[in-house]
Amino acid sequence: MTATVTVRVPAKVNVQLAVGAARPDGFHDLANVFLAVGLYDEVTATPADELRITCAGPDAAQVPLDRTNLAARAALALAERYGLAPDVHLHIAKDIPVAGGMAGGSADAAGALVACDALWGTNAPRDELLAICAELGSDVPFSLVGGAALGTGRGERLRPLEVGGSFHWVFAVADGGLSTPAVYGEFDRLTAGLAVPEPVASQELLDALAKGDATALAAAVSNDLQPAALSLFPALSDTLAAGRSAGALAALVSGSGPTTAFLARDAESAGAVAEALRTSGTCRAVRITEGPAPGATLR
Ligand code: C5P
């Protein structure tokens, strides 16, 4: 048995997030086009006397260290399936913004699952790992697979997508967080009494991804949760405007927010957008990266 296992897991941006009406179970059917981007958390699993979580990084103070942490829940779920004691120390080196709409918690869950599977020698089949991921949260399966994928159902049923190049992204981290259930609740409030169409993936968007065409992708990106996120966090419209006026091809809220995402033409333009956002006073931190990025990977 290996003494220590480290797994690196990417953040994501939703280049399309089409949201249907609330289902009887409270979830929403989605057409969710995920793109993994090169901001990573690292989850390290080490044998211990009992389940223990630690976290380091700029936002570490906001991460729960009890069994509500998705990484802890992933370890518990795998241990239960294989009749093992979940005696593991999981250390999360956190670089993905917390409560930001970039699937940081989901990344930690996928990372913990892959790390414990290797540490404990359970060697669970990929399909079983994906099923555990789907139980843990709608975005967790994508954190495992990475790249780009279309998520349907509540986002957990994945079809991998072809991507013909690398896209340059700038992310503006907001001062504060948004709760995903609260944003979906606001979506329900804003769409009450309206006919919400079935969510469908945009063919233009899938073609743009396949071609690696940033201009075409920018014309096709959309996020049905954006009005709800802006309603709960109106200052985000200033951040979006700052990035747009600095030359971003597209500016949108990332998932349920409040991180905002800016697609840039090339590395140089990304640098200019990042600099403008940094000096705009409309966000707490700015990150430049590229996507697609690989999914959960053993180091
Ligand atoms: O699946 P996950 O735990 O990430 O979802 C968090 C919350 O986001 C859910 O409790 C639900 O309120 C909302 N959600 C939703 N429809 C989805 C995914 C998430 O309403 N497809």
# chains A, B, ... in the order shown; residues from 1 in each chain; ligands from 1

$ residues_near_ligand --ligand "ligand 1" --cutoff "6 Å" --atoms "only C-alpha atoms and all ligand atoms" --output "NGL selection string"
:A and (26-30 or 137-139 or 154-155 or 180-181 or 184)

$ select_by_dssp --residues "stretch 88-208 of chain A" --states "alpha helix (DSSP H)" --output "NGL selection string"
:A and (104-119 or 126-136 or 140-145 or 180-191 or 203-208)

$ residues_around --residues "stretch 91-95 of chain A" --least-positions-apart "2" --cutoff "12 Å" --atoms "only C-alpha atoms" --output "JSON, numbers by chain"
{"A": [4, 5, 6, 7, 8, 9, 10, 11, 38, 39, 40, 41, 42, 43, 44, 45, 46, 47, 48, 51, 52, 53, 54, 55, 56, 57, 58, 59, 60, 61, 62, 63, 64, 65, 69, 70, 71, 72, 88, 89, 97, 98, 100, 102, 103, 104, 105, 107, 108, 109, 110, 111, 112, 115, 116, 173, 285, 287]}

$ atom_distance --atom1 "atom CA of A:Gly243" --atom2 "atom CA of A:Phe142"
27.3 Å

$ closest_atom_pairs --of "stretch 65-151 of chain A" --to "stretch 189-207 of chain A" --cutoff "10 Å" --atoms "only C-alpha atoms" --output "Markdown table"
| residue | atom | partner | partner_atom | distance |
| --- | --- | --- | --- | --- |
| A:Ala149 | CA | A:Leu206 | CA | 9.8 |
| A:Leu150 | CA | A:Ala201 | CA | 7.8 |
| A:Gly151 | CA | A:Ala201 | CA | 9.4 |

$ write_last_selection --atoms "N, CA, C and O atoms" --output "PDB file, in the first residue's frame"
ATOM      1  N   ALA A 149     -17.111  18.624 -21.581  1.00  0.00           N
ATOM      2  CA  ALA A 149     -18.193  17.633 -21.631  1.00  0.00           C
ATOM      3  C   ALA A 149     -19.527  18.343 -21.578  1.00  0.00           C
ATOM      4  O   ALA A 149     -19.654  19.419 -21.006  1.00  0.00           O
ATOM      5  N   LEU A 150     -20.528  17.682 -22.181  1.00  0.00           N
ATOM      6  CA  LEU A 150     -21.908  18.133 -22.042  1.00  0.00           C
ATOM      7  C   LEU A 150     -22.551  17.334 -20.917  1.00  0.00           C
ATOM      8  O   LEU A 150     -22.579  16.100 -20.968  1.00  0.00           O
ATOM      9  N   GLY A 151     -23.036  18.036 -19.905  1.00  0.00           N
ATOM     10  CA  GLY A 151     -23.723  17.390 -18.791  1.00  0.00           C
ATOM     11  C   GLY A 151     -25.217  17.570 -18.950  1.00  0.00           C
ATOM     12  O   GLY A 151     -25.691  18.693 -19.133  1.00  0.00           O
TER      13      GLY A 151
END

$ residues_around --residues "A:Leu78" --least-positions-apart "6" --cutoff "10 Å" --atoms "only C-alpha atoms" --output "PyMOL selection string"
chain A and resi 84-86+112-114+116-117+120+122+124+128-129+132

$ write_last_selection --atoms "N, CA, C and O atoms" --output "tab-separated table (two decimals), in the first residue's frame"
chain	number	residue	atom	x	y	z
A	84	LEU	N	-14.53	-0.64	4.43
A	84	LEU	CA	-13.26	-0.22	5.03
A	84	LEU	C	-13.50	0.87	6.08
A	84	LEU	O	-14.51	1.57	6.03
A	85	ALA	N	-12.55	1.02	7.00
A	85	ALA	CA	-12.61	2.16	7.93
A	85	ALA	C	-12.08	3.39	7.19
A	85	ALA	O	-11.03	3.30	6.54
A	86	PRO	N	-12.77	4.52	7.28
A	86	PRO	CA	-12.33	5.72	6.51
A	86	PRO	C	-11.20	6.47	7.23
A	86	PRO	O	-11.27	7.68	7.36
A	112	ALA	N	-10.42	13.49	-3.64
A	112	ALA	CA	-10.38	12.61	-2.47
A	112	ALA	C	-10.75	11.18	-2.87
A	112	ALA	O	-10.15	10.22	-2.39
A	113	LEU	N	-11.73	11.06	-3.76
A	113	LEU	CA	-12.17	9.74	-4.19
A	113	LEU	C	-11.03	8.99	-4.91
A	113	LEU	O	-10.74	7.83	-4.60
A	114	VAL	N	-10.39	9.67	-5.84
A	114	VAL	CA	-9.31	9.04	-6.60
A	114	VAL	C	-8.12	8.75	-5.67
A	114	VAL	O	-7.48	7.69	-5.76
A	116	CYS	N	-8.18	8.21	-2.32
A	116	CYS	CA	-8.48	7.10	-1.39
A	116	CYS	C	-8.51	5.78	-2.14
A	116	CYS	O	-8.07	4.74	-1.62
A	117	ASP	N	-9.03	5.80	-3.37
A	117	ASP	CA	-9.09	4.58	-4.17
A	117	ASP	C	-7.68	4.03	-4.39
A	117	ASP	O	-7.45	2.82	-4.34
A	120	TRP	N	-6.08	3.05	-0.67
A	120	TRP	CA	-6.66	1.83	-0.08
A	120	TRP	C	-6.58	0.64	-1.02
A	120	TRP	O	-6.97	-0.47	-0.65
A	122	THR	N	-8.43	-0.02	-3.53
A	122	THR	CA	-9.75	-0.54	-3.90
A	122	THR	C	-9.89	-0.67	-5.42
A	122	THR	O	-10.66	-1.52	-5.88
A	124	ALA	N	-11.47	0.79	-7.75
A	124	ALA	CA	-12.87	0.77	-8.21
A	124	ALA	C	-12.91	1.03	-9.71
A	124	ALA	O	-12.14	1.85	-10.22
A	128	GLU	N	-17.95	2.98	-11.44
A	128	GLU	CA	-18.35	3.04	-10.04
A	128	GLU	C	-17.89	4.36	-9.42
A	128	GLU	O	-18.63	4.99	-8.65
A	129	LEU	N	-16.67	4.78	-9.76
A	129	LEU	CA	-16.20	6.09	-9.27
A	129	LEU	C	-17.15	7.19	-9.74
A	129	LEU	O	-17.51	8.09	-8.97
A	132	ILE	N	-20.35	7.19	-7.71
A	132	ILE	CA	-20.16	7.80	-6.39
A	132	ILE	C	-20.09	9.32	-6.54
A	132	ILE	O	-20.69	10.07	-5.77

$ residues_around --residues "A:Ala218" --least-positions-apart "4" --cutoff "12 Å" --atoms "only C-alpha atoms" --output "PyMOL selection string"
chain A and resi 15-16+167-169+204-209+212-214+222+244+247-252+261-265

$ residues_around --residues "A:Leu178" --least-positions-apart "4" --cutoff "10 Å" --atoms "only C-alpha atoms" --output "PyMOL selection string"
chain A and resi 98-101+174+182-183+229+232-233+256-259

$ closest_residue --among "A:Ala148, A:Ala274, A:Val286, A:Leu90" --to "A:Ala210" --atoms "only C-alpha atoms"
A:Ala148

$ atom_distance --atom1 "atom CA of A:Val13" --atom2 "atom CA of A:Leu35"
5.4 Å

$ atom_distance --atom1 "atom CA of A:Val253" --atom2 "atom CA of A:Leu230"
8.5 Å

$ residues_around --residues "A:Val273" --least-positions-apart "2" --cutoff "7 Å" --atoms "only C-alpha atoms" --output "ChimeraX atom specification"
/A:243,246-248,269-271,275-277

$ decode --residues "stretch 17-134 of chain A" --atoms "C-alpha atoms" --output "CSV table (one decimal), in the first residue's frame"
chain,number,residue,atom,x,y,z
A,17,LEU,CA,-25.5,26.6,-18.7
A,18,ALA,CA,-29.1,26.1,-20.0
A,19,VAL,CA,-31.4,25.6,-17.1
A,20,GLY,CA,-34.9,24.1,-17.3
A,21,ALA,CA,-37.8,24.4,-14.9
A,22,ALA,CA,-37.5,23.0,-11.3
A,23,ARG,CA,-38.2,19.3,-11.2
A,24,PRO,CA,-40.3,17.6,-8.5
A,25,ASP,CA,-37.0,16.7,-6.7
A,26,GLY,CA,-36.1,20.4,-6.6
A,27,PHE,CA,-33.2,20.0,-9.1
A,28,HIS,CA,-33.2,21.5,-12.5
A,29,ASP,CA,-32.6,19.7,-15.8
A,30,LEU,CA,-29.6,21.2,-17.5
A,31,ALA,CA,-27.7,21.4,-20.7
A,32,ASN,CA,-24.4,22.1,-19.1
A,33,VAL,CA,-21.3,22.5,-21.2
A,34,PHE,CA,-18.3,22.2,-18.9
A,35,LEU,CA,-14.8,23.2,-19.7
A,36,ALA,CA,-12.1,22.4,-17.2
A,37,VAL,CA,-9.5,25.1,-16.7
A,38,GLY,CA,-6.0,25.2,-15.4
A,39,LEU,CA,-6.6,26.2,-11.8
A,40,TYR,CA,-6.1,23.2,-9.5
A,41,ASP,CA,-6.7,21.9,-6.0
A,42,GLU,CA,-4.4,19.1,-4.8
A,43,VAL,CA,-5.8,16.5,-2.4
A,44,THR,CA,-3.2,14.4,-0.5
A,45,ALA,CA,-4.4,11.2,1.3
A,46,THR,CA,-2.3,9.7,4.1
A,47,PRO,CA,-3.2,6.9,6.4
A,48,ALA,CA,-4.4,8.2,9.8
A,49,ASP,CA,-6.1,7.0,13.0
A,50,GLU,CA,-9.4,8.6,12.0
A,51,LEU,CA,-10.8,10.7,9.2
A,52,ARG,CA,-9.3,14.1,9.3
A,53,ILE,CA,-9.4,17.1,6.9
A,54,THR,CA,-6.9,19.9,6.7
A,55,CYS,CA,-6.8,22.7,4.1
A,56,ALA,CA,-4.2,25.3,3.1
A,57,GLY,CA,-4.4,28.2,0.7
A,58,PRO,CA,-5.6,31.8,0.5
A,59,ASP,CA,-9.3,30.9,1.1
A,60,ALA,CA,-8.7,28.0,3.5
A,61,ALA,CA,-10.5,29.7,6.4
A,62,GLN,CA,-13.8,29.4,4.5
A,63,VAL,CA,-13.5,25.6,4.0
A,64,PRO,CA,-15.3,23.4,6.5
A,65,LEU,CA,-13.1,20.7,8.1
A,66,ASP,CA,-15.8,18.4,9.4
A,67,ARG,CA,-17.7,15.6,7.7
A,68,THR,CA,-19.8,18.1,5.6
A,69,ASN,CA,-16.7,18.7,3.5
A,70,LEU,CA,-17.3,17.0,0.2
A,71,ALA,CA,-13.8,15.4,0.3
A,72,ALA,CA,-14.7,13.8,3.6
A,73,ARG,CA,-18.0,12.6,2.2
A,74,ALA,CA,-16.2,11.1,-0.8
A,75,ALA,CA,-13.8,9.1,1.5
A,76,LEU,CA,-16.8,8.0,3.6
A,77,ALA,CA,-18.8,6.9,0.5
A,78,LEU,CA,-15.9,4.8,-0.9
A,79,ALA,CA,-15.0,3.3,2.5
A,80,GLU,CA,-18.6,2.3,3.0
A,81,ARG,CA,-18.9,0.6,-0.4
A,82,TYR,CA,-15.8,-1.5,0.3
A,83,GLY,CA,-16.4,-2.2,4.0
A,84,LEU,CA,-13.3,-0.2,5.0
A,85,ALA,CA,-12.6,2.2,7.9
A,86,PRO,CA,-12.3,5.7,6.5
A,87,ASP,CA,-9.1,6.3,8.5
A,88,VAL,CA,-7.4,8.8,6.3
A,89,HIS,CA,-5.9,12.3,6.5
A,90,LEU,CA,-7.0,14.4,3.5
A,91,HIS,CA,-5.0,17.5,3.0
A,92,ILE,CA,-6.4,20.0,0.5
A,93,ALA,CA,-4.0,22.5,-1.1
A,94,LYS,CA,-6.7,24.9,-2.3
A,95,ASP,CA,-6.1,27.2,-5.2
A,96,ILE,CA,-9.6,27.2,-6.7
A,97,PRO,CA,-11.8,30.1,-5.4
A,98,VAL,CA,-14.2,28.9,-2.6
A,99,ALA,CA,-18.0,29.2,-3.2
A,100,GLY,CA,-17.1,30.8,-6.5
A,101,GLY,CA,-19.0,28.8,-9.1
A,102,MET,CA,-15.8,27.0,-10.3
A,103,ALA,CA,-16.6,23.6,-8.7
A,104,GLY,CA,-13.9,23.8,-6.1
A,105,GLY,CA,-15.8,21.6,-3.6
A,106,SER,CA,-16.6,19.2,-6.4
A,107,ALA,CA,-12.9,19.1,-7.4
A,108,ASP,CA,-12.0,18.2,-3.8
A,109,ALA,CA,-14.6,15.4,-3.8
A,110,ALA,CA,-13.3,13.9,-7.0
A,111,GLY,CA,-9.7,14.3,-5.8
A,112,ALA,CA,-10.4,12.6,-2.5
A,113,LEU,CA,-12.2,9.7,-4.2
A,114,VAL,CA,-9.3,9.0,-6.6
A,115,ALA,CA,-6.7,9.5,-3.8
A,116,CYS,CA,-8.5,7.1,-1.4
A,117,ASP,CA,-9.1,4.6,-4.2
A,118,ALA,CA,-5.3,4.5,-4.8
A,119,LEU,CA,-4.3,4.6,-1.1
A,120,TRP,CA,-6.7,1.8,-0.1
A,121,GLY,CA,-6.0,-0.2,-3.2
A,122,THR,CA,-9.7,-0.5,-3.9
A,123,ASN,CA,-9.2,0.0,-7.6
A,124,ALA,CA,-12.9,0.8,-8.2
A,125,PRO,CA,-14.0,0.6,-11.9
A,126,ARG,CA,-14.3,4.0,-13.5
A,127,ASP,CA,-18.1,3.7,-13.8
A,128,GLU,CA,-18.3,3.0,-10.0
A,129,LEU,CA,-16.2,6.1,-9.3
A,130,LEU,CA,-18.5,8.1,-11.5
A,131,ALA,CA,-21.6,6.8,-9.8
A,132,ILE,CA,-20.2,7.8,-6.4
A,133,CYS,CA,-19.3,11.2,-7.8
A,134,ALA,CA,-22.9,11.7,-9.0
